[in-house]
Amino acid sequence: MIFMKNILLLLALFIVTDTFGQGRQRKSPHDTLTYANGEVTYGRPHKSDREIFGALIKYGQVWRVGADEATTITFKTDAKFGGETIAAGTYTLFAITNEKEWILILNSELGQWGAFSYEKNKEKDVVKVTVPVEKLSNVVEQLTIWYDADNGKLIIEWDTTKVSVPIKFG
């Protein structure tokens, strides 16, 4: 009888722990992009027949630029991010999306889950850069971040939206 009670107690504890832990489980695949003097680690959600910008990702609100934990960007050397000087180090990358332009934000608070705690950490913003939105003719199904080495730009593409930010090292 005591054995059965212990099993039920453990089962109940597992269910409660699992239920409350759901908010921190990864829902999307993750990728790390390594490029000249830096890297970006981010969750790669799929479009999955959803309307993305202006619907799932609300215009005018802070977005983590990915899924699950907030995206991080590392500069191995000092750099210019959108023309703004950035010290070598790792930062959290956020965006405020709009139809015609995005504000890309580098924040020094690491370990943030999504953008849920951005408001309490916004005083740790290091830089904000405004970049124009380009409309793509083809749909990009899975959020993709890549580095265009020929033009020195970090590119973010998802759905029919593309933004680019110049990065210059040294």
# chains A, B, ... in the order shown; residues from 1 in each chain; ligands from 1

$ residues_around --residues "stretch 75-89 of chain A" --least-positions-apart "6" --cutoff "7 Å" --atoms "only C-alpha atoms" --output "list in words"
Asn37, Gly38, Glu39, Val129, Val165, Pro166, Ile167, Lys168, Phe169 and Gly170 of chain A

$ select_by_dssp --residues "stretch 21-158 of chain A" --states "strand (DSSP E or B)" --output "JSON, numbers by chain"
{"A": [30, 31, 32, 33, 34, 35, 38, 39, 40, 41, 42, 43, 46, 53, 57, 62, 63, 69, 71, 72, 73, 74, 75, 79, 80, 81, 84, 85, 86, 89, 90, 91, 92, 93, 94, 95, 96, 97, 101, 102, 103, 104, 105, 106, 107, 113, 125, 126, 127, 128, 129, 130, 131, 132, 133, 134, 135, 136, 137, 138, 139, 140, 141, 142, 143, 144, 145, 146, 147, 148, 153, 154, 155, 156, 157, 158]}

$ residues_around --residues "A:Glu69" --least-positions-apart "3" --cutoff "10 Å" --atoms "only C-alpha atoms" --output "MDAnalysis selection string"
chainID A and resid 24:26 30 41:43 64:66 72 92 110:116

$ write_last_selection --atoms "C-alpha atoms" --output "JSON list (two decimals), in the first residue's frame"
[["chain", "number", "residue", "atom", "x", "y", "z"],
["A", 24, "ARG", "CA", 10.55, 26.28, -21.39],
["A", 25, "GLN", "CA", 10.52, 23.35, -23.79],
["A", 26, "ARG", "CA", 11.80, 23.99, -27.28],
["A", 30, "HIS", "CA", 17.53, 25.35, -33.55],
["A", 41, "THR", "CA", 22.04, 30.93, -32.44],
["A", 42, "TYR", "CA", 18.29, 30.89, -32.99],
["A", 43, "GLY", "CA", 15.10, 28.84, -33.08],
["A", 64, "ARG", "CA", 12.83, 37.48, -30.15],
["A", 65, "VAL", "CA", 13.76, 36.90, -33.85],
["A", 66, "GLY", "CA", 13.13, 33.18, -33.67],
["A", 72, "THR", "CA", 21.84, 35.40, -29.49],
["A", 92, "THR", "CA", 20.44, 39.02, -27.36],
["A", 110, "LEU", "CA", 21.57, 36.94, -21.91],
["A", 111, "GLY", "CA", 19.42, 33.91, -21.05],
["A", 112, "GLN", "CA", 16.05, 35.49, -21.83],
["A", 113, "TRP", "CA", 13.21, 33.20, -22.84],
["A", 114, "GLY", "CA", 11.39, 34.72, -25.79],
["A", 115, "ALA", "CA", 10.72, 38.43, -25.39],
["A", 116, "PHE", "CA", 8.69, 38.01, -22.21]]

$ closest_residue --among "A:Leu56, A:Ala70, A:Val62, A:Lys100" --to "A:Lys122" --atoms "only C-alpha atoms"
A:Val62

$ residues_around --residues "A:Val163" --least-positions-apart "6" --cutoff "6 Å" --atoms "only C-alpha atoms" --output "PDB file with C-alpha atoms, in the first residue's frame"
ATOM      1  CA  VAL A 133      11.835  45.505 -45.190  1.00  0.00           C
ATOM      2  CA  ILE A 155      20.051  38.524 -43.584  1.00  0.00           C
ATOM      3  CA  ILE A 156      16.811  37.490 -41.855  1.00  0.00           C
TER       4      ILE A 156
END

$ atom_distance --atom1 "atom CA of A:Ser108" --atom2 "atom CA of A:Phe53"
25.6 Å

$ atom_distance --atom1 "atom CA of A:Lys135" --atom2 "atom CA of A:Thr161"
5.0 Å

$ decode --residues "stretch 31-166 of chain A" --atoms "C-alpha atoms" --output "compact mmCIF listing (two decimals), in the first residue's frame"
# COMPACT_ATOMS: atom_id res chain seq x y z
CA ASP A 31 20.54 26.33 -35.59
CA THR A 32 23.83 28.12 -35.10
CA LEU A 33 25.10 30.19 -37.99
CA THR A 34 28.86 30.71 -37.90
CA TYR A 35 30.28 33.44 -40.11
CA ALA A 36 33.29 35.74 -40.29
CA ASN A 37 34.07 36.81 -36.71
CA GLY A 38 30.69 35.84 -35.27
CA GLU A 39 27.75 33.53 -34.86
CA VAL A 40 23.98 33.58 -34.38
CA THR A 41 22.04 30.93 -32.44
CA TYR A 42 18.29 30.89 -32.99
CA GLY A 43 15.10 28.84 -33.08
CA ARG A 44 13.82 28.14 -36.61
CA PRO A 45 10.00 28.03 -36.61
CA HIS A 46 8.04 27.04 -39.71
CA LYS A 47 5.39 29.17 -41.38
CA SER A 48 3.00 26.17 -41.50
CA ASP A 49 0.23 27.98 -43.43
CA ARG A 50 0.13 30.77 -40.84
CA GLU A 51 0.14 34.50 -41.51
CA ILE A 52 3.40 35.60 -39.90
CA PHE A 53 4.13 39.34 -39.85
CA GLY A 54 1.29 41.53 -38.63
CA ALA A 55 -0.54 38.46 -37.27
CA LEU A 56 1.56 35.84 -35.42
CA ILE A 57 4.35 38.41 -35.01
CA LYS A 58 2.44 41.59 -34.15
CA TYR A 59 3.62 44.83 -35.71
CA GLY A 60 5.05 47.30 -33.21
CA GLN A 61 5.85 44.67 -30.57
CA VAL A 62 9.21 43.24 -29.53
CA TRP A 63 9.97 39.83 -31.07
CA ARG A 64 12.83 37.48 -30.15
CA VAL A 65 13.76 36.90 -33.85
CA GLY A 66 13.13 33.18 -33.67
CA ALA A 67 11.43 30.67 -31.44
CA ASP A 68 11.86 29.55 -27.84
CA GLU A 69 14.76 31.23 -26.04
CA ALA A 70 15.78 34.61 -27.42
CA THR A 71 18.22 34.63 -30.32
CA THR A 72 21.84 35.40 -29.49
CA ILE A 73 24.45 37.02 -31.70
CA THR A 74 28.16 36.90 -30.94
CA PHE A 75 30.85 39.22 -32.26
CA LYS A 76 34.33 37.74 -31.84
CA THR A 77 35.88 41.17 -32.50
CA ASP A 78 34.61 44.72 -32.24
CA ALA A 79 32.20 45.42 -35.10
CA LYS A 80 29.86 47.90 -36.74
CA PHE A 81 26.27 46.65 -36.64
CA GLY A 82 24.16 48.77 -38.96
CA GLY A 83 26.82 51.46 -38.66
CA GLU A 84 26.81 51.41 -34.84
CA THR A 85 29.95 50.36 -32.96
CA ILE A 86 29.56 47.14 -30.96
CA ALA A 87 32.15 45.71 -28.58
CA ALA A 88 33.13 42.07 -29.01
CA GLY A 89 30.79 39.86 -27.01
CA THR A 90 27.44 38.07 -27.05
CA TYR A 91 24.11 39.88 -27.18
CA THR A 92 20.44 39.02 -27.36
CA LEU A 93 18.85 39.98 -30.70
CA PHE A 94 15.32 41.38 -30.75
CA ALA A 95 13.28 43.16 -33.41
CA ILE A 96 10.31 45.46 -33.46
CA THR A 97 8.67 44.56 -36.76
CA ASN A 98 6.59 46.82 -38.96
CA GLU A 99 5.40 46.52 -42.52
CA LYS A 100 8.05 48.80 -44.05
CA GLU A 101 10.92 48.67 -41.54
CA TRP A 102 12.23 46.81 -38.52
CA ILE A 103 14.13 48.07 -35.51
CA LEU A 104 16.84 45.54 -34.66
CA ILE A 105 17.91 45.62 -31.02
CA LEU A 106 21.04 44.23 -29.39
CA ASN A 107 20.56 43.76 -25.65
CA SER A 108 23.26 42.73 -23.16
CA GLU A 109 20.97 40.58 -20.95
CA LEU A 110 21.57 36.94 -21.91
CA GLY A 111 19.42 33.91 -21.05
CA GLN A 112 16.05 35.49 -21.83
CA TRP A 113 13.21 33.20 -22.84
CA GLY A 114 11.39 34.72 -25.79
CA ALA A 115 10.72 38.43 -25.39
CA PHE A 116 8.69 38.01 -22.21
CA SER A 117 11.19 39.77 -19.96
CA TYR A 118 12.36 42.34 -22.51
CA GLU A 119 10.50 45.22 -20.82
CA LYS A 120 12.32 44.72 -17.53
CA ASN A 121 15.66 44.42 -19.38
CA LYS A 122 15.25 47.13 -22.03
CA GLU A 123 17.62 49.45 -20.15
CA LYS A 124 20.31 46.96 -21.19
CA ASP A 125 19.81 47.75 -24.89
CA VAL A 126 23.21 48.37 -26.44
CA VAL A 127 22.03 49.55 -29.85
CA LYS A 128 18.90 49.94 -31.98
CA VAL A 129 19.20 49.97 -35.76
CA THR A 130 16.39 50.62 -38.23
CA VAL A 131 16.47 48.54 -41.45
CA PRO A 132 14.06 48.48 -44.41
CA VAL A 133 11.83 45.51 -45.19
CA GLU A 134 12.10 43.84 -48.59
CA LYS A 135 9.20 41.76 -49.92
CA LEU A 136 10.18 38.41 -51.42
CA SER A 137 8.38 36.88 -54.38
CA ASN A 138 8.74 33.36 -52.95
CA VAL A 139 7.77 32.17 -49.48
CA VAL A 140 10.55 31.17 -47.07
CA GLU A 141 8.86 28.38 -45.07
CA GLN A 142 11.32 28.23 -42.17
CA LEU A 143 12.85 31.27 -40.50
CA THR A 144 16.36 31.58 -41.91
CA ILE A 145 19.25 33.78 -40.81
CA TRP A 146 22.34 33.82 -43.00
CA TYR A 147 25.42 35.92 -43.61
CA ASP A 148 26.10 37.42 -47.04
CA ALA A 149 29.91 37.56 -46.93
CA ASP A 150 30.16 39.28 -50.33
CA ASN A 151 28.17 42.29 -49.09
CA GLY A 152 28.89 42.04 -45.34
CA LYS A 153 25.24 41.72 -44.32
CA LEU A 154 23.30 39.59 -41.87
CA ILE A 155 20.05 38.52 -43.58
CA ILE A 156 16.81 37.49 -41.85
CA GLU A 157 14.14 35.87 -44.06
CA TRP A 158 10.77 34.37 -43.24
CA ASP A 159 7.50 34.11 -45.13
CA THR A 160 7.77 36.84 -47.81
CA THR A 161 9.82 39.21 -45.63
CA LYS A 162 13.54 39.93 -45.75
CA VAL A 163 15.66 42.37 -43.76
CA SER A 164 19.40 42.97 -43.98
CA VAL A 165 21.77 44.66 -41.58
CA PRO A 166 25.35 45.56 -42.54
